[in-house]
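Visitor: Structure file model_27.cif (mmCIF, C-alpha atoms) right here:
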data_start
loop_
_atom_site.label_atom_id
_atom_site.label_comp_id
_atom_site.auth_asym_id
_atom_site.auth_seq_id
_atom_site.Cartn_x
_atom_site.Cartn_y
_atom_site.Cartn_z
CA MET A 1 -64.75 30.04 -14.76
CA ARG A 2 -64.41 28.66 -18.29
CA ARG A 3 -67.73 27.87 -19.95
CA ILE A 4 -68.16 24.51 -21.61
CA ASP A 5 -70.22 24.71 -24.81
CA HIS A 6 -72.95 22.29 -25.89
CA LYS A 7 -70.80 20.82 -28.66
CA THR A 8 -68.13 19.69 -26.20
CA ILE A 9 -70.75 18.16 -23.89
CA ILE A 10 -72.33 16.21 -26.79
CA ILE A 11 -68.90 14.97 -27.94
CA VAL A 12 -67.97 13.87 -24.41
CA ILE A 13 -71.32 12.06 -23.97
CA LEU A 14 -70.88 10.31 -27.33
CA LEU A 15 -67.35 9.25 -26.42
CA LEU A 16 -68.52 7.92 -23.06
CA ILE A 17 -71.34 5.92 -24.71
CA ILE A 18 -68.90 4.45 -27.25
CA LEU A 19 -66.39 3.53 -24.55
CA ALA A 20 -69.16 2.03 -22.38
CA GLU A 21 -70.36 -0.07 -25.30
CA LEU A 22 -66.82 -1.26 -26.02
CA ALA A 23 -66.21 -2.08 -22.37
CA LEU A 24 -69.54 -3.94 -22.23
CA SER A 25 -68.73 -6.01 -25.29
CA ARG A 26 -65.24 -6.77 -24.03
CA PHE A 27 -65.99 -7.69 -20.45
CA SER A 28 -69.53 -9.05 -20.54
CA ASP A 29 -70.16 -10.14 -24.16
CA GLN A 30 -73.18 -7.83 -24.34
CA ASN A 31 -73.74 -5.24 -27.03
CA LEU A 32 -75.97 -2.21 -27.35
CA SER A 33 -78.14 -2.89 -30.38
CA VAL A 34 -77.57 0.56 -31.88
CA PHE A 35 -73.80 -0.05 -31.99
CA THR A 36 -74.19 -3.54 -33.36
CA TRP A 37 -76.33 -2.00 -36.09
CA LEU A 38 -73.76 0.76 -36.72
CA LYS A 39 -70.91 -1.74 -36.79
CA LYS A 40 -72.76 -3.97 -39.25
CA GLY A 41 -73.66 -0.93 -41.34
CA PHE A 42 -70.09 0.33 -41.53
CA TYR A 43 -68.74 -3.17 -42.15
CA ASN A 44 -71.25 -3.76 -44.96
CA LEU A 45 -70.44 -0.35 -46.43
CA ILE A 46 -66.67 -0.78 -46.50
CA THR A 47 -66.28 -4.44 -47.45
CA PRO A 48 -67.96 -4.21 -50.90
CA ILE A 49 -65.46 -1.45 -51.79
CA VAL A 50 -62.65 -3.66 -50.52
CA LYS A 51 -64.07 -6.52 -52.58
CA VAL A 52 -64.13 -4.48 -55.80
CA ILE A 53 -60.61 -3.07 -55.30
CA SER A 54 -59.24 -6.45 -54.28
CA SER A 55 -60.66 -8.20 -57.34
CA PHE A 56 -59.33 -5.39 -59.56
CA VAL A 57 -55.84 -5.76 -58.01
CA ASP A 58 -56.04 -9.56 -58.44
CA THR A 59 -57.03 -9.22 -62.10
CA VAL A 60 -54.15 -6.81 -62.79
CA LYS A 61 -51.76 -9.11 -60.94
CA THR A 62 -52.96 -12.16 -62.89
CA TYR A 63 -52.62 -10.42 -66.26
CA TRP A 64 -49.22 -9.01 -65.33
CA ASN A 65 -47.97 -12.45 -64.24
CA GLY A 66 -49.43 -13.93 -67.43
CA ILE A 67 -47.61 -11.42 -69.63
CA MET A 68 -44.36 -11.87 -67.73
CA ASN A 69 -44.49 -15.69 -67.90
CA ILE A 70 -46.10 -16.29 -71.32
CA ASP A 71 -43.64 -19.09 -72.29
CA GLU A 72 -44.25 -20.92 -69.03
CA LEU A 73 -48.02 -20.53 -69.50
CA ILE A 74 -47.92 -22.09 -72.97
CA ALA A 75 -45.82 -25.02 -71.70
CA ALA A 76 -48.10 -25.44 -68.66
CA ASN A 77 -51.17 -25.39 -70.89
CA GLU A 78 -49.79 -28.19 -73.05
CA ARG A 79 -48.86 -30.24 -69.99
CA LEU A 80 -52.25 -29.69 -68.36
CA LYS A 81 -54.12 -30.76 -71.51
CA LYS A 82 -52.31 -34.11 -71.37
CA GLU A 83 -52.99 -34.43 -67.64
CA VAL A 84 -56.69 -33.65 -68.11
CA SER A 85 -57.07 -36.46 -70.64
CA GLN A 86 -55.41 -38.85 -68.15
CA TYR A 87 -57.68 -37.64 -65.34
CA ARG A 88 -60.72 -38.15 -67.57
CA ILE A 89 -59.87 -41.84 -67.86
CA GLN A 90 -59.15 -41.97 -64.11
CA SER A 91 -62.49 -40.30 -63.41
CA LEU A 92 -64.37 -42.99 -65.34
CA LEU A 93 -62.56 -45.64 -63.32
CA ASN A 94 -63.36 -43.77 -60.09
CA ASP A 95 -67.04 -43.68 -61.02
CA TYR A 96 -66.98 -47.41 -61.49
CA TYR A 97 -65.26 -47.92 -58.09
CA ARG A 98 -67.67 -45.52 -56.39
CA ARG A 99 -70.68 -47.41 -57.66
CA GLU A 100 -69.08 -50.68 -56.61
CA ASN A 101 -68.33 -49.17 -53.17
CA ILE A 102 -71.95 -48.08 -52.70
CA ARG A 103 -73.20 -51.51 -53.74
CA LEU A 104 -70.83 -53.32 -51.36
CA ARG A 105 -71.66 -50.92 -48.51
CA GLU A 106 -75.34 -51.62 -49.02
CA LEU A 107 -74.62 -55.33 -48.99
CA LEU A 108 -72.74 -54.95 -45.67
CA SER A 109 -75.35 -52.47 -44.27
CA PHE A 110 -72.67 -49.84 -43.61
CA LYS A 111 -73.81 -46.42 -42.53
CA GLU A 112 -73.40 -43.94 -45.40
CA GLN A 113 -70.47 -41.60 -44.79
CA SER A 114 -71.67 -38.09 -45.27
CA SER A 115 -69.42 -35.72 -47.19
CA PHE A 116 -69.07 -32.00 -46.52
CA GLU A 117 -71.32 -29.44 -48.09
CA SER A 118 -69.10 -26.51 -48.87
CA ILE A 119 -68.99 -23.21 -50.64
CA GLY A 120 -65.89 -21.69 -52.27
CA ALA A 121 -64.71 -18.19 -51.40
CA HIS A 122 -61.94 -15.77 -52.35
CA VAL A 123 -59.84 -13.99 -49.77
CA ILE A 124 -60.37 -10.28 -50.32
CA ALA A 125 -58.70 -8.74 -47.26
CA TYR A 126 -56.23 -9.55 -44.54
CA ASN A 127 -55.54 -8.67 -40.91
CA LEU A 128 -55.48 -4.99 -39.95
CA SER A 129 -52.75 -5.28 -37.35
CA ASN A 130 -49.73 -7.52 -37.07
CA TRP A 131 -51.14 -9.17 -33.93
CA ASP A 132 -54.40 -10.11 -35.51
CA ASN A 133 -55.03 -13.34 -37.42
CA ARG A 134 -58.07 -12.78 -39.56
CA ILE A 135 -58.96 -12.75 -43.21
CA ILE A 136 -62.07 -11.50 -44.96
CA ILE A 137 -63.75 -13.66 -47.61
CA ASP A 138 -66.21 -12.66 -50.33
CA ARG A 139 -69.13 -14.75 -49.03
CA GLY A 140 -71.64 -13.63 -46.44
CA SER A 141 -75.06 -14.27 -44.99
CA ARG A 142 -76.58 -13.95 -48.46
CA ASP A 143 -74.63 -17.09 -49.44
CA GLY A 144 -75.73 -19.02 -46.36
CA ILE A 145 -72.60 -18.38 -44.30
CA GLU A 146 -73.08 -18.45 -40.53
CA GLU A 147 -70.84 -17.81 -37.55
CA ARG A 148 -68.67 -20.69 -36.31
CA MET A 149 -68.68 -22.56 -39.64
CA PRO A 150 -65.31 -24.25 -40.30
CA VAL A 151 -63.13 -23.00 -43.13
CA ILE A 152 -60.62 -25.14 -45.02
CA THR A 153 -58.17 -24.72 -47.90
CA TYR A 154 -58.91 -26.27 -51.29
CA ASP A 155 -56.60 -29.16 -50.43
CA GLY A 156 -58.53 -29.77 -47.22
CA ALA A 157 -56.34 -28.26 -44.47
CA LEU A 158 -58.02 -26.40 -41.61
CA VAL A 159 -57.93 -22.61 -41.98
CA GLY A 160 -60.17 -21.44 -39.13
CA ARG A 161 -63.75 -20.59 -38.39
CA ILE A 162 -66.22 -17.88 -39.39
CA GLU A 163 -66.11 -15.21 -36.71
CA TYR A 164 -68.25 -12.40 -38.08
CA VAL A 165 -70.74 -12.39 -40.95
CA GLY A 166 -71.68 -9.44 -43.12
CA VAL A 167 -74.17 -9.46 -45.98
CA ASN A 168 -71.64 -10.21 -48.73
CA THR A 169 -68.47 -10.90 -46.78
CA ALA A 170 -67.36 -12.70 -43.65
CA GLN A 171 -64.39 -12.59 -41.28
CA VAL A 172 -62.46 -15.80 -40.66
CA LEU A 173 -60.50 -16.25 -37.45
CA LEU A 174 -57.42 -18.23 -38.47
CA CYS A 175 -56.46 -21.38 -36.59
CA ASN A 176 -53.08 -19.89 -35.57
CA ASP A 177 -54.76 -17.20 -33.46
CA PRO A 178 -54.25 -17.56 -29.69
CA GLU A 179 -58.02 -17.30 -29.19
CA TYR A 180 -58.68 -20.23 -31.50
CA VAL A 181 -59.13 -23.69 -29.97
CA VAL A 182 -60.17 -26.91 -31.69
CA GLY A 183 -60.21 -30.55 -30.62
CA GLY A 184 -57.52 -32.59 -32.37
CA ILE A 185 -56.87 -36.31 -32.70
CA VAL A 186 -53.91 -38.30 -34.04
CA GLU A 187 -54.81 -39.67 -37.46
CA ARG A 188 -52.71 -42.86 -37.05
CA PRO A 189 -55.25 -45.75 -36.79
CA GLU A 190 -53.56 -47.38 -33.77
CA SER A 191 -53.54 -44.11 -31.79
CA ARG A 192 -56.46 -42.55 -29.96
CA ALA A 193 -54.62 -39.53 -28.55
CA ILE A 194 -56.81 -36.47 -28.37
CA GLY A 195 -56.08 -32.97 -27.14
CA LEU A 196 -56.87 -29.31 -27.58
CA VAL A 197 -55.09 -27.55 -30.42
CA ARG A 198 -54.64 -23.81 -29.93
CA GLY A 199 -52.78 -21.02 -31.67
CA GLN A 200 -49.87 -19.20 -30.10
CA ILE A 201 -48.39 -15.75 -30.53
CA ASN A 202 -44.70 -16.44 -30.66
CA GLU A 203 -44.63 -18.82 -33.62
CA PRO A 204 -47.56 -18.21 -35.98
CA GLU A 205 -46.99 -21.37 -38.03
CA ILE A 206 -46.84 -23.68 -35.00
CA ASN A 207 -49.88 -24.54 -32.86
CA ILE A 208 -49.80 -26.23 -29.48
CA MET A 209 -51.73 -29.43 -28.74
CA GLU A 210 -52.35 -29.70 -25.00
CA ASN A 211 -53.86 -32.12 -22.48
CA ILE A 212 -52.93 -35.19 -24.47
CA SER A 213 -53.57 -38.18 -22.24
CA TRP A 214 -50.82 -40.78 -21.83
CA ASN A 215 -51.24 -44.18 -23.39
CA THR A 216 -50.09 -46.63 -20.74
CA ARG A 217 -49.50 -49.34 -23.30
CA SER A 218 -46.75 -47.45 -25.07
CA GLU A 219 -43.61 -45.79 -23.73
CA GLU A 220 -43.85 -43.06 -26.33
CA GLY A 221 -47.47 -42.35 -25.58
CA ASP A 222 -50.03 -42.16 -28.33
CA ILE A 223 -48.38 -39.30 -30.10
CA LYS A 224 -45.01 -38.95 -31.78
CA GLU A 225 -43.14 -36.73 -34.21
CA GLY A 226 -44.46 -36.95 -37.75
CA ASP A 227 -48.03 -37.81 -36.68
CA ILE A 228 -50.78 -36.02 -38.58
CA ILE A 229 -53.34 -34.25 -36.39
CA VAL A 230 -56.91 -33.97 -37.64
CA THR A 231 -60.04 -32.47 -36.07
CA SER A 232 -61.55 -34.85 -33.52
CA GLY A 233 -65.15 -34.09 -34.43
CA LEU A 234 -66.11 -34.24 -30.74
CA SER A 235 -67.76 -30.83 -30.90
CA ASP A 236 -70.76 -30.06 -33.09
CA ASN A 237 -68.90 -27.31 -34.91
CA TYR A 238 -66.32 -29.37 -36.80
CA PRO A 239 -66.55 -32.57 -38.77
CA ARG A 240 -64.02 -35.24 -37.89
CA GLY A 241 -60.94 -35.64 -40.05
CA ILE A 242 -59.98 -32.17 -41.26
CA PRO A 243 -56.15 -32.12 -41.34
CA ILE A 244 -54.68 -29.51 -39.00
CA GLY A 245 -50.94 -30.14 -39.09
CA GLU A 246 -48.00 -32.40 -38.37
CA VAL A 247 -46.40 -33.06 -34.99
CA VAL A 248 -42.89 -31.61 -34.81
CA SER A 249 -42.14 -32.17 -31.13
CA VAL A 250 -43.67 -33.84 -28.07
CA GLU A 251 -42.97 -33.15 -24.40
CA THR A 252 -44.54 -33.94 -21.03
CA ASP A 253 -46.88 -31.42 -19.49
CA ASN A 254 -48.81 -30.88 -16.23
CA TYR A 255 -45.98 -32.39 -14.14
CA GLY A 256 -46.00 -35.57 -16.20
CA LEU A 257 -49.75 -36.08 -16.14
CA SER A 258 -50.23 -35.32 -19.82
CA GLN A 259 -48.31 -34.48 -22.96
CA LYS A 260 -47.96 -31.40 -25.07
CA ALA A 261 -47.06 -31.33 -28.76
CA GLU A 262 -46.05 -28.68 -31.25
CA ILE A 263 -48.04 -28.91 -34.48
CA LYS A 264 -46.74 -27.41 -37.71
CA LEU A 265 -49.83 -26.15 -39.47
CA PHE A 266 -50.68 -27.22 -43.02
CA MET A 267 -52.33 -23.86 -43.55
CA LYS A 268 -49.98 -21.23 -44.92
CA LYS A 269 -51.38 -17.85 -43.96
CA LYS A 270 -49.35 -15.93 -46.50
CA THR A 271 -50.49 -17.96 -49.49
CA ILE A 272 -54.20 -18.41 -48.76
CA GLU A 273 -56.11 -16.99 -51.69
CA GLU A 274 -59.14 -19.25 -51.91
CA VAL A 275 -60.92 -21.24 -49.23
CA LEU A 276 -63.91 -23.52 -48.74
CA VAL A 277 -66.49 -22.83 -46.04
CA ILE A 278 -68.09 -26.03 -44.73
CA THR A 279 -71.78 -25.21 -44.59
CA GLY A 280 -73.00 -28.65 -43.63
CA PHE A 281 -71.61 -32.02 -42.54
CA MET B 1 -64.97 21.54 -42.32
CA LYS B 2 -62.76 20.89 -45.34
CA LYS B 3 -59.99 19.63 -43.06
CA PHE B 4 -62.44 17.24 -41.41
CA LEU B 5 -63.74 15.89 -44.73
CA VAL B 6 -60.27 15.45 -46.25
CA ASN B 7 -59.05 13.64 -43.14
CA ILE B 8 -62.12 11.37 -43.04
CA ILE B 9 -61.71 10.46 -46.71
CA LEU B 10 -58.01 9.76 -46.10
CA LEU B 11 -58.91 7.62 -43.10
CA LEU B 12 -61.28 5.46 -45.15
CA LEU B 13 -58.79 5.23 -48.02
CA VAL B 14 -56.01 4.17 -45.67
CA LEU B 15 -58.32 1.62 -44.02
CA ILE B 16 -59.12 0.01 -47.36
CA ILE B 17 -55.45 -0.10 -48.40
CA GLN B 18 -54.50 -1.54 -45.01
CA LEU B 19 -57.11 -4.29 -45.42
CA ILE B 20 -56.02 -5.21 -48.94
CA LEU B 21 -52.28 -5.28 -48.19
CA PRO B 22 -51.20 -8.93 -47.95
CA PRO B 23 -49.23 -9.98 -44.84
CA ASP B 24 -46.04 -10.49 -46.84
CA PHE B 25 -46.19 -7.01 -48.37
CA ILE B 26 -42.49 -6.21 -47.91
CA PHE B 27 -41.09 -7.78 -44.75
CA SER B 28 -42.09 -11.38 -44.22
CA GLY B 29 -45.39 -11.43 -42.36
CA VAL B 30 -45.20 -7.77 -41.26
CA LYS B 31 -47.52 -5.04 -42.47
CA PRO B 32 -47.14 -1.32 -41.95
CA ASP B 33 -49.79 0.32 -39.75
CA LEU B 34 -51.12 2.93 -42.17
CA LEU B 35 -53.84 4.00 -39.73
CA LEU B 36 -51.20 4.80 -37.12
CA ILE B 37 -49.12 6.69 -39.67
CA LEU B 38 -52.10 8.81 -40.72
CA THR B 39 -53.29 9.58 -37.20
CA VAL B 40 -49.79 10.57 -36.07
CA ILE B 41 -49.39 12.80 -39.13
CA ILE B 42 -52.76 14.45 -38.43
CA GLY B 43 -51.73 14.95 -34.80
CA LEU B 44 -48.37 16.43 -35.79
CA TYR B 45 -49.93 18.68 -38.39
CA TRP B 46 -53.04 19.93 -36.63
CA GLY B 47 -52.36 19.57 -32.93
CA ILE B 48 -53.54 17.59 -29.97
CA TYR B 49 -57.36 17.84 -30.41
CA ASP B 50 -57.42 16.81 -34.04
CA GLY B 51 -54.76 14.20 -33.36
CA MET B 52 -56.73 12.60 -30.57
CA GLY B 53 -60.07 12.94 -32.35
CA PHE B 54 -58.94 11.27 -35.55
CA ALA B 55 -56.93 8.69 -33.68
CA PHE B 56 -60.08 7.83 -31.71
CA LEU B 57 -62.03 7.48 -34.98
CA ALA B 58 -59.23 5.36 -36.46
CA GLY B 59 -59.38 3.13 -33.39
CA ILE B 60 -63.15 2.69 -33.78
CA VAL B 61 -62.84 1.98 -37.50
CA GLN B 62 -60.11 -0.57 -36.78
CA GLY B 63 -62.30 -2.07 -34.05
CA VAL B 64 -65.03 -2.91 -36.57
CA PHE B 65 -62.63 -5.36 -38.20
CA LEU B 66 -61.35 -6.81 -34.94
CA GLY B 67 -62.91 -8.91 -32.24
CA GLY B 68 -62.58 -8.24 -28.52
CA GLY B 69 -59.39 -6.22 -28.91
CA ALA B 70 -61.18 -3.16 -30.32
CA ILE B 71 -61.07 -1.11 -27.12
CA ILE B 72 -57.32 -1.62 -26.81
CA TYR B 73 -56.72 -0.13 -30.24
CA ILE B 74 -59.02 2.81 -29.51
CA VAL B 75 -57.14 3.65 -26.31
CA VAL B 76 -53.67 3.13 -27.79
CA LYS B 77 -54.39 4.96 -31.05
CA THR B 78 -55.94 7.93 -29.19
CA LEU B 79 -52.88 8.12 -26.97
CA SER B 80 -50.52 7.98 -29.96
CA GLY B 81 -52.48 10.69 -31.81
CA GLY B 82 -52.55 12.81 -28.67
CA LEU B 83 -48.81 12.46 -28.09
CA ALA B 84 -48.14 13.41 -31.71
CA GLY B 85 -50.39 16.45 -31.34
CA PHE B 86 -48.60 17.43 -28.17
CA ILE B 87 -45.37 18.02 -30.10
CA GLU B 88 -47.05 19.84 -33.00
CA LYS B 89 -45.58 23.22 -32.07
CA LEU B 90 -42.07 21.87 -31.52
CA TYR B 91 -41.10 21.42 -35.17
CA PHE B 92 -41.25 23.14 -38.54
CA LYS B 93 -43.80 21.51 -40.84
CA GLU B 94 -41.33 21.65 -43.75
CA LYS B 95 -39.00 19.17 -42.01
CA ILE B 96 -40.40 15.99 -43.52
CA ILE B 97 -37.89 13.74 -41.75
CA PHE B 98 -39.18 14.69 -38.28
CA PRO B 99 -42.61 12.96 -38.58
CA SER B 100 -40.81 9.81 -39.72
CA ILE B 101 -38.69 9.77 -36.58
CA ILE B 102 -41.75 10.37 -34.41
CA ILE B 103 -43.66 7.57 -36.14
CA PHE B 104 -40.68 5.23 -35.70
CA VAL B 105 -40.70 5.92 -31.94
CA LEU B 106 -44.50 5.88 -31.60
CA THR B 107 -44.72 2.50 -33.35
CA PHE B 108 -42.65 1.00 -30.51
CA LEU B 109 -44.89 2.67 -27.95
CA HIS B 110 -48.10 1.71 -29.78
CA GLU B 111 -47.22 -1.97 -30.15
CA THR B 112 -45.80 -2.25 -26.62
CA LEU B 113 -49.01 -0.77 -25.19
CA VAL B 114 -51.12 -3.17 -27.27
CA ILE B 115 -49.15 -6.05 -25.76
CA LEU B 116 -49.42 -4.64 -22.22
CA LEU B 117 -53.18 -4.10 -22.48
CA SER B 118 -53.99 -7.45 -24.07
CA GLU B 119 -54.29 -10.22 -21.51
CA THR B 120 -53.72 -12.96 -24.10
CA MET B 121 -50.54 -11.37 -25.37
CA LEU B 122 -49.14 -10.08 -22.08
CA PHE B 123 -48.84 -13.51 -20.50
CA ASN B 124 -47.82 -15.47 -23.57
CA ILE B 125 -45.65 -13.32 -25.76
CA ASN B 126 -41.88 -13.38 -25.91
CA TYR B 127 -41.44 -9.60 -26.05
CA PHE B 128 -37.87 -9.54 -27.34
CA ARG B 129 -38.72 -11.99 -30.10
CA ALA B 130 -41.73 -9.85 -31.06
CA LEU B 131 -39.53 -6.76 -30.90
CA ARG B 132 -37.04 -8.28 -33.33
CA LEU B 133 -39.46 -9.97 -35.72
CA ILE B 134 -42.49 -7.68 -35.73
CA ILE B 135 -42.14 -4.35 -33.95
CA LEU B 136 -38.75 -3.27 -35.35
CA PRO B 137 -39.54 -4.18 -39.00
CA GLU B 138 -42.94 -2.49 -38.64
CA ALA B 139 -41.37 0.65 -37.16
CA ILE B 140 -38.87 0.86 -40.05
CA LEU B 141 -41.63 0.27 -42.60
CA ASN B 142 -43.89 2.86 -40.96
CA ALA B 143 -41.09 5.44 -40.88
CA ILE B 144 -40.29 4.95 -44.57
CA ILE B 145 -43.92 5.09 -45.69
CA ALA B 146 -44.54 8.10 -43.42
CA LEU B 147 -41.96 10.07 -45.42
CA PHE B 148 -44.07 9.80 -48.57
CA ILE B 149 -47.45 10.22 -46.89
CA TYR B 150 -46.31 13.26 -44.90
CA TYR B 151 -44.74 14.82 -47.99
CA LEU B 152 -47.99 14.47 -49.98
CA TYR B 153 -50.10 15.60 -47.01
CA HIS B 154 -47.92 18.64 -46.47
CA ARG B 155 -47.91 19.51 -50.20
CA TYR B 156 -51.70 19.32 -50.26
CA TRP B 157 -52.21 21.69 -47.33
CA GLN B 158 -49.18 23.91 -47.91
CA GLY B 159 -50.65 26.24 -50.47
CA ARG B 160 -54.18 26.34 -49.11
CA ARG B 161 -55.48 29.40 -47.40
CA ASP B 162 -57.71 27.52 -45.01
CA ILE B 163 -54.83 25.62 -43.50
CA TYR B 164 -56.03 26.46 -40.02
CA GLY B 165 -59.52 25.12 -40.39
#
Write the structure described by the file as structure tokens, please.

Guide:
Amino acid sequence: MRRIDHKTIIIVILLLIILAELALSRFSDQNLSVFTWLKKGFYNLITPIVKVISSFVDTVKTYWNGIMNIDELIAANERLKKEVSQYRIQSLLNDYYRRENIRLRELLSFKEQSSFESIGAHVIAYNLSNWDNRIIIDRGSRDGIEERMPVITYDGALVGRIEYVGVNTAQVLLCNDPEYVVGGIVERPESRAIGLVRGQINEPEINIMENISWNTRSEEGDIKEGDIIVTSGLSDNYPRGIPIGEVVSVETDNYGLSQKAEIKLFMKKKTIEEVLVITGF
Amino acid sequence: MKKFLVNIILLLLVLIIQLILPPDFIFSGVKPDLLLILTVIIGLYWGIYDGMGFAFLAGIVQGVFLGGGAIIYIVVKTLSGGLAGFIEKLYFKEKIIFPSIIIFVLTFLHETLVILLSETMLFNINYFRALRLIILPEAILNAIIALFIYYLYHRYWQGRRDIYG
């Protein structure tokens, strides 16, 4: 009979423990603390290297683009200088209107609308496989980032939510992932249509909005092509009003009991370079 | 020992490159799977045990950067590495085109198994659409990149005395 050495037994036991841990985390959402610690350790070891290399690549890319487009840069600089001076005047006017707005709100006893508290972040890494919709940003628990915080682009469109936090970096699950669900509402003032917006595999730039209740007062329902969908704010995780996308088609669902819409996302996965993490709202 | 260290360093290097590669690297929205390429090459070069071992490690490493799908990648990568190792003795290591063909075929198998094992994907994906838009471009990309990686890998080990461990 062939003898099995100690090394093989140790390897087999280790493999079984790893597989058991993975099965546990997949089917029961429980983790063995030693593996959570190892995962965090490895993640925190690798991501700073990724961060350094990524910023080096970005710097090289920026300089290269600058050298290649020097004439355009000079022209853009001149144009931007003029625009900045115009915005400076506009900013003074805005300050005046803001103060007036506050004063009038106080006079009418309006509740103060809270704005988002956010923190800017650079995208340093992308998805590992073609089926995965994640990015890694250069902000982590040290910067006050926590799991489930919403992430938006600089122009305000929904990007996703924080899924995993390391010390200096964090993983963002993008809103086009099939596992991502958020409550959406039609932005049009006369509409109150709400539904669940979820990602889908087949068309990464189109999300599906489901369970939209019919509006009995309108033949079209509360939702139509061209409508802008924003977050409903019904859950504690998202503020109301973050733009998600635009309705491109509407159809009946659940044997006519509700409607389903296709939403073209404002977020462009391929061009995300910087994002804002909403840390408070 | 040297083989183990070199392969581990390569694994980490490939992981970092894979993470930094933007989604629109060459084909629109499709990235090559450098971890798969490396594990298949290791399997083809060193045989079934090394192939499966490093593929298992690659799966774990990939799992750190994924959510619930980690176990799927560990199983599928180990299987791919094992299959590559199984055919190690069937080809001459100087034939650099052979690993490319194997990687082209194994990419189809790898991605199809990922779909079959993932509940979310299995019931929602349009397989033929995915085949046309993701799997085929990825397989082509993997095969092309494998040519270069295998050539460098083979050149590195070719002249070394401790090629067998």

Visitor: Step by step, work through what the PyMOL selection byres ((chain B) within 9 of (chain A)) selects in the shown file, and finish by giving those residues as a ChimeraX atom specification.

Guide: /B:12,15-24,28-33,60-62,64-71,74,114-115,120-121,124-127,129-130,134-135,138

Visitor: Could you expand the PyMOL selection byres ((chain B and resi 151) around 10) into the explicit residues it covers here, written as a ChimeraX atom specification?

Guide: /B:93-97,99,146-150,152-156

Visitor: Quick one: distance from atom CA of Val248 of chain A to atom CA of Glu225 of chain A in Å, one decimal?

Guide: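 Distance reported for this atom pair: 5.2 Å.
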
Visitor: Name every residue that the PyMOL selection byres ((chain B and resi 101) around 12) selects in this structure, writing the answer as a list of chain:residue names with chains first and numbers rising.

Guide: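 Selected by the PyMOL selection byres ((chain B and resi 101) around 12) here: B:Ile37, B:Val40, B:Ile41, B:Leu44, B:Ala84, B:Tyr91, B:Lys95, B:Ile96, B:Ile97, B:Phe98, B:Pro99, B:Ser100, B:Ile102, B:Ile103, B:Phe104, B:Val105, B:Leu106, B:Thr107, B:Phe108, B:Ala139, B:Ile140, B:Leu141, B:Asn142, B:Ala143, B:Ile144, B:Ile145, B:Ala146, B:Leu147, B:Tyr150.
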
Visitor: Store the residues picked out above in a file with C-alpha atoms, as a tab-separated table (two decimals), in the frame of the given file.

Guide:
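After the write, out-v3.tsv holds the following:
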chain	number	residue	atom	x	y	z
B	37	ILE	CA	-49.12	6.69	-39.67
B	40	VAL	CA	-49.79	10.57	-36.07
B	41	ILE	CA	-49.39	12.80	-39.13
B	44	LEU	CA	-48.37	16.43	-35.79
B	84	ALA	CA	-48.14	13.41	-31.71
B	91	TYR	CA	-41.10	21.42	-35.17
B	95	LYS	CA	-39.00	19.17	-42.01
B	96	ILE	CA	-40.40	15.99	-43.52
B	97	ILE	CA	-37.89	13.74	-41.75
B	98	PHE	CA	-39.18	14.69	-38.28
B	99	PRO	CA	-42.61	12.96	-38.58
B	100	SER	CA	-40.81	9.81	-39.72
B	102	ILE	CA	-41.75	10.37	-34.41
B	103	ILE	CA	-43.66	7.57	-36.14
B	104	PHE	CA	-40.68	5.23	-35.70
B	105	VAL	CA	-40.70	5.92	-31.94
B	106	LEU	CA	-44.50	5.88	-31.60
B	107	THR	CA	-44.72	2.50	-33.35
B	108	PHE	CA	-42.65	1.00	-30.51
B	139	ALA	CA	-41.37	0.65	-37.16
B	140	ILE	CA	-38.87	0.86	-40.05
B	141	LEU	CA	-41.63	0.27	-42.60
B	142	ASN	CA	-43.89	2.86	-40.96
B	143	ALA	CA	-41.09	5.44	-40.88
B	144	ILE	CA	-40.29	4.95	-44.57
B	145	ILE	CA	-43.92	5.09	-45.69
B	146	ALA	CA	-44.54	8.10	-43.42
B	147	LEU	CA	-41.96	10.07	-45.42
B	150	TYR	CA	-46.31	13.26	-44.90

Visitor: What is the atom CA of Thr78 of chain B-atom CA of Leu35 of chain B distance in Å, reported with one decimal?

Guide: 11.4 Å
